[in-house]
Amino acid sequence: MLTQLFGNYLLKQHLVSPSHLIEALRESSSTRVKLGVLAIDAGLMTPDQVDEIHELQRIMDKRIGDLMVEKGYLSPEQIATLLKSQKSGHLILGQALIDNGHMTTAQFADAIRQFKLDNNITDDDFYDVKDELTEKMLGRFYKLNGSVAGEEHLVEYVSLLFKNLIRFVGDDFVPNKIEKLDTTASGAKQRIRHGLSAITIIDADENTMVEFASRFSNESLSMNDDYTKACISEFLNLHNGLFAVKLSNNEGLEIELEPQKYYEQMDLSGLGNLYVFPVNFTFGNVNFIVAM
Amino acid sequence: MYSGLKVLLCDDSLMIIKKMGDMLRSLGVGVVQTALDGEQAVRLFKLSKPDCVFLDQVMPNKTGLEALKEIISYHSDAIVFMLSSMGTIAKRDEAERLGARGFLQKPVSADDIKTVLELVIAELEDKTGKDLFKE
């Protein structure tokens with residue numbers, strides 16, 4: 001989840017454009033993080049030192065790790081440790097941006113350092129993301145500080161939502177903040193009642209729904225037909241059900257769900273306080289809406 | 001080895017009906033009947049007496065637990081497994097109290113279903129004392 005928040009950070013700081021970020025997210029699955037980025041992220045080398053090694057490699061036929069050891073920047077043990085973090089999402093994203101020429105190594109180093117500082121997170125947090133940390137960061141990100149009744153549950157809801165998106169749909173997205181809310185939505189809806197009272201909605205355009213449903217169902221769907229709509233509705237039902245389990249286990253709070261349903265058009269006015277969590281996937285934008 | 005089994009699958013989601021139906025059929029289950037709400041499930045159960053029922057919890061026209069109650073009161077030996085994303089301890093306990101044999105947390109895998117079918121066969125064979133389903 002920190003990777004997705006880091007993606008948003010790069011956007012908000014105008015360090016990358018939305019289209020470059022989408023391109024990098026798309027390529028992330030085939031990107032391999034290079035040792036230089038790993039060393040900078042771990043604070044073991046400066047961007048200048050990494051550039052120097054890259055220059056050296058251009059003229060010498062040697063492996064980059066060997067050159068780093070020869071120059072005395074890293075020990076073989078440090079290299080072995082660094083290579084273990086090669087699959088880390090935020091570094092893969094950074095590497096893809098560097099490979100595409102949309103960021104320099106130094107810009108990436110600055111961005112990741114500032115992101116860690118701003119959010120008070122350590123390197124270890126990136127590799128072992130705790131729920132409390134994600135919830136704290138999301139609370140700050142969406143300015144949900146629990147001042148309105150039920151807001152504390154919203155943070156848990158969104159934190160679990162992002163986990164479920166990564167688990168069941170894909171990690172190639174960045175969370176966003178709403179700029180302008182339409183008064184209508186189109187998509188799946190499910191009401192939560194009993195211990196909590198809320199209406200939950202997934203809203204997106206047709207093409208986005210088809211791709212979302214394809215990924216969730218692991219099938220190649222081509223149109224927004226009844227089956228696609230059932231897949232979207234089932235994702236909402238699955239997520240809300242897992243949220244119910246979490247609430248019950250962690251707080252002993254029991255909620256009930258009403259059957260999920262798909263609407264071509266829903267009127268959002270009069271539903272109470274609307275909280276919108278837009279998610280920009282590489283294939284389109286999905287709004288998750290909670291009315292309380 | 002499951003070709004002699006008749007299974008009733010009940011869920012209001014077309015996706016689950018298709019996915020789980022495919023899983024059951026690919027495991028070789030002989031008859032897979034489907035219902036899209038609790039009321040249909042009860043009606044179909046009474047009509048066709050399946051060997052085993054998978055019941056979703058959140059459904060229109062009778063929830064899974066309401067349907068379970070009716071099925072068990074009609075036939076106390078019915079083998080029913082609940083199927084839900086909302087597998088809270090309270091829901092599991094209630095299902096067990098009402099006579100469900102088990103509770104499957106969504107998303108359900110083919111392995112989960114296989115485990116359940118093994119239990120069903122063991123129970124049916126135990127009841128009849130015959131080797132019913134081995135081929």
# chains A, B, ... in the order shown; residues from 1 in each chain; ligands from 1

call {"tool": "interface_residues", "arguments": {"of": "chain B", "to": "chain A", "cutoff": "6 Å", "atoms": "only C-alpha atoms", "output": "ChimeraX atom specification"}}
result
/B:13-15,58-60,85-86,88

call {"tool": "write_last_selection", "arguments": {"atoms": "C-alpha atoms", "output": "mmCIF file, in the first residue's frame"}}
result
data_model
loop_
_atom_site.group_PDB
_atom_site.id
_atom_site.type_symbol
_atom_site.label_atom_id
_atom_site.label_comp_id
_atom_site.auth_asym_id
_atom_site.auth_seq_id
_atom_site.Cartn_x
_atom_site.Cartn_y
_atom_site.Cartn_z
ATOM 1 C CA SER B 13 -24.176 -13.711 -7.413
ATOM 2 C CA LEU B 14 -24.006 -14.968 -11.006
ATOM 3 C CA MET B 15 -20.261 -14.900 -10.646
ATOM 4 C CA VAL B 58 -26.443 -12.466 2.212
ATOM 5 C CA MET B 59 -29.298 -13.014 -0.280
ATOM 6 C CA PRO B 60 -32.649 -11.491 -1.168
ATOM 7 C CA SER B 85 -17.466 -13.525 2.801
ATOM 8 C CA MET B 86 -18.864 -12.573 6.206
ATOM 9 C CA THR B 88 -17.481 -13.786 11.624
#

call {"tool": "select_by_dssp", "arguments": {"residues": "range 63-204 of chain A", "states": "helix (DSSP H, G or I)", "output": "MDAnalysis selection string"}}
result
chainID A and resid 64:70 76:87 89:99 105:119 123:127 131:141 151:168

call {"tool": "select_by_dssp", "arguments": {"residues": "range 140-191 of chain A", "states": "strand (DSSP E or B)", "output": "compact mmCIF listing (two decimals) with all heavy atoms, in the first residue's frame"}}
result
# COMPACT_ATOMS: atom_id res chain seq x y z
N PHE A 173 -2.17 0.85 -9.22
CA PHE A 173 -3.07 2.00 -9.03
C PHE A 173 -2.45 2.99 -8.06
O PHE A 173 -1.51 2.67 -7.35
CB PHE A 173 -4.43 1.53 -8.49
CG PHE A 173 -4.41 0.99 -7.08
CD1 PHE A 173 -4.49 1.84 -5.98
CD2 PHE A 173 -4.30 -0.37 -6.84
CE1 PHE A 173 -4.46 1.35 -4.68
CE2 PHE A 173 -4.27 -0.87 -5.54
CZ PHE A 173 -4.36 -0.01 -4.47
N VAL A 174 -2.98 4.21 -8.11
CA VAL A 174 -2.66 5.18 -7.06
C VAL A 174 -3.98 5.70 -6.48
O VAL A 174 -4.94 5.92 -7.22
CB VAL A 174 -1.82 6.38 -7.55
CG1 VAL A 174 -0.38 5.99 -7.76
CG2 VAL A 174 -2.39 6.99 -8.79
N PRO A 175 -4.02 5.84 -5.16
CA PRO A 175 -5.23 6.42 -4.56
C PRO A 175 -5.22 7.91 -4.85
O PRO A 175 -4.16 8.50 -4.98
CB PRO A 175 -5.04 6.16 -3.07
CG PRO A 175 -3.57 6.06 -2.87
CD PRO A 175 -2.99 5.55 -4.16
N THR A 184 -24.58 11.73 -9.60
CA THR A 184 -25.05 10.37 -9.87
C THR A 184 -23.86 9.43 -9.99
O THR A 184 -22.73 9.87 -10.22
CB THR A 184 -25.86 10.29 -11.18
OG1 THR A 184 -25.01 10.70 -12.25
CG2 THR A 184 -27.11 11.14 -11.13
N ALA A 185 -24.15 8.15 -9.82
CA ALA A 185 -23.09 7.16 -9.96
C ALA A 185 -23.68 5.96 -10.70
O ALA A 185 -24.91 5.80 -10.77
CB ALA A 185 -22.58 6.74 -8.59
N SER A 186 -22.80 5.13 -11.23
CA SER A 186 -23.26 3.94 -11.93
C SER A 186 -22.40 2.76 -11.49
O SER A 186 -21.17 2.82 -11.59
CB SER A 186 -23.11 4.17 -13.43
OG SER A 186 -23.25 2.97 -14.12
N GLY A 187 -23.04 1.74 -10.93
CA GLY A 187 -22.25 0.60 -10.48
C GLY A 187 -22.94 -0.19 -9.38
O GLY A 187 -24.17 -0.21 -9.29
N ALA A 188 -22.13 -0.83 -8.54
CA ALA A 188 -22.68 -1.71 -7.51
C ALA A 188 -22.90 -0.95 -6.21
O ALA A 188 -22.18 -0.01 -5.90
CB ALA A 188 -21.74 -2.88 -7.28
N LYS A 189 -23.91 -1.41 -5.46
CA LYS A 189 -24.24 -0.74 -4.20
C LYS A 189 -24.58 -1.79 -3.16
O LYS A 189 -25.22 -2.81 -3.47
CB LYS A 189 -25.46 0.15 -4.47
CG LYS A 189 -26.01 0.90 -3.28
CD LYS A 189 -27.09 1.85 -3.81
CE LYS A 189 -28.04 2.32 -2.74
NZ LYS A 189 -29.12 3.15 -3.28
N GLN A 190 -24.15 -1.58 -1.93
CA GLN A 190 -24.52 -2.49 -0.83
C GLN A 190 -24.64 -1.70 0.46
O GLN A 190 -23.79 -0.87 0.78
CB GLN A 190 -23.47 -3.60 -0.67
CG GLN A 190 -23.88 -4.64 0.38
CD GLN A 190 -23.00 -5.89 0.34
OE1 GLN A 190 -21.79 -5.79 0.25
NE2 GLN A 190 -23.63 -7.06 0.42
N ARG A 191 -25.69 -2.02 1.19
CA ARG A 191 -25.93 -1.31 2.44
C ARG A 191 -25.38 -2.11 3.62
O ARG A 191 -25.52 -3.33 3.68
CB ARG A 191 -27.44 -1.10 2.63
CG ARG A 191 -27.80 -0.24 3.85
CD ARG A 191 -29.31 -0.18 4.03
NE ARG A 191 -29.94 0.69 3.06
CZ ARG A 191 -30.13 1.99 3.23
NH1 ARG A 191 -29.72 2.58 4.34
NH2 ARG A 191 -30.72 2.72 2.31

call {"tool": "residues_around", "arguments": {"residues": "Asn100 in chain A", "least_positions_apart": "6", "cutoff": "10 Å", "atoms": "only C-alpha atoms", "output": "list of chain:residue names"}}
result
A:His20, A:Glu23, A:Ala24, A:Glu27, A:Gly94

call {"tool": "residues_around", "arguments": {"residues": "Ile166 in chain A", "least_positions_apart": "6", "cutoff": "12 Å", "atoms": "only C-alpha atoms", "output": "list in words"}}
result
Met1, Leu2, Thr3, Gln4, Gly89, Ser159, Leu160, Asp172, Phe173, Val174, Pro175, Phe212, Arg215, Phe216, His239, Val279 and Phe281 of chain A

call {"tool": "residues_around", "arguments": {"residues": "Thr63 in chain B", "least_positions_apart": "3", "cutoff": "12 Å", "atoms": "only C-alpha atoms", "output": "PyMOL selection string"}}
result
(chain A and resi 256-259) or (chain B and resi 10-12+36-42+55-60+66-70+82-84+95)

call {"tool": "atom_distance", "arguments": {"atom1": "CA of Asp111 in chain B", "atom2": "CA of Ser214 in chain A"}}
result
22.6 Å

call {"tool": "closest_residue", "arguments": {"among": "A:Val286, A:Ser88, A:Tyr275, A:Gly43", "to": "Val155 in chain A", "atoms": "only C-alpha atoms"}}
result
A:Tyr275

call {"tool": "atom_distance", "arguments": {"atom1": "CA of Ser75 in chain A", "atom2": "CA of Arg63 in chain A"}}
result
14.1 Å

call {"tool": "closest_residue", "arguments": {"among": "B:Gly87, B:Ser76, B:Val116, B:Ala35", "to": "Lys62 in chain B", "atoms": "only C-alpha atoms"}}
result
B:Ala35
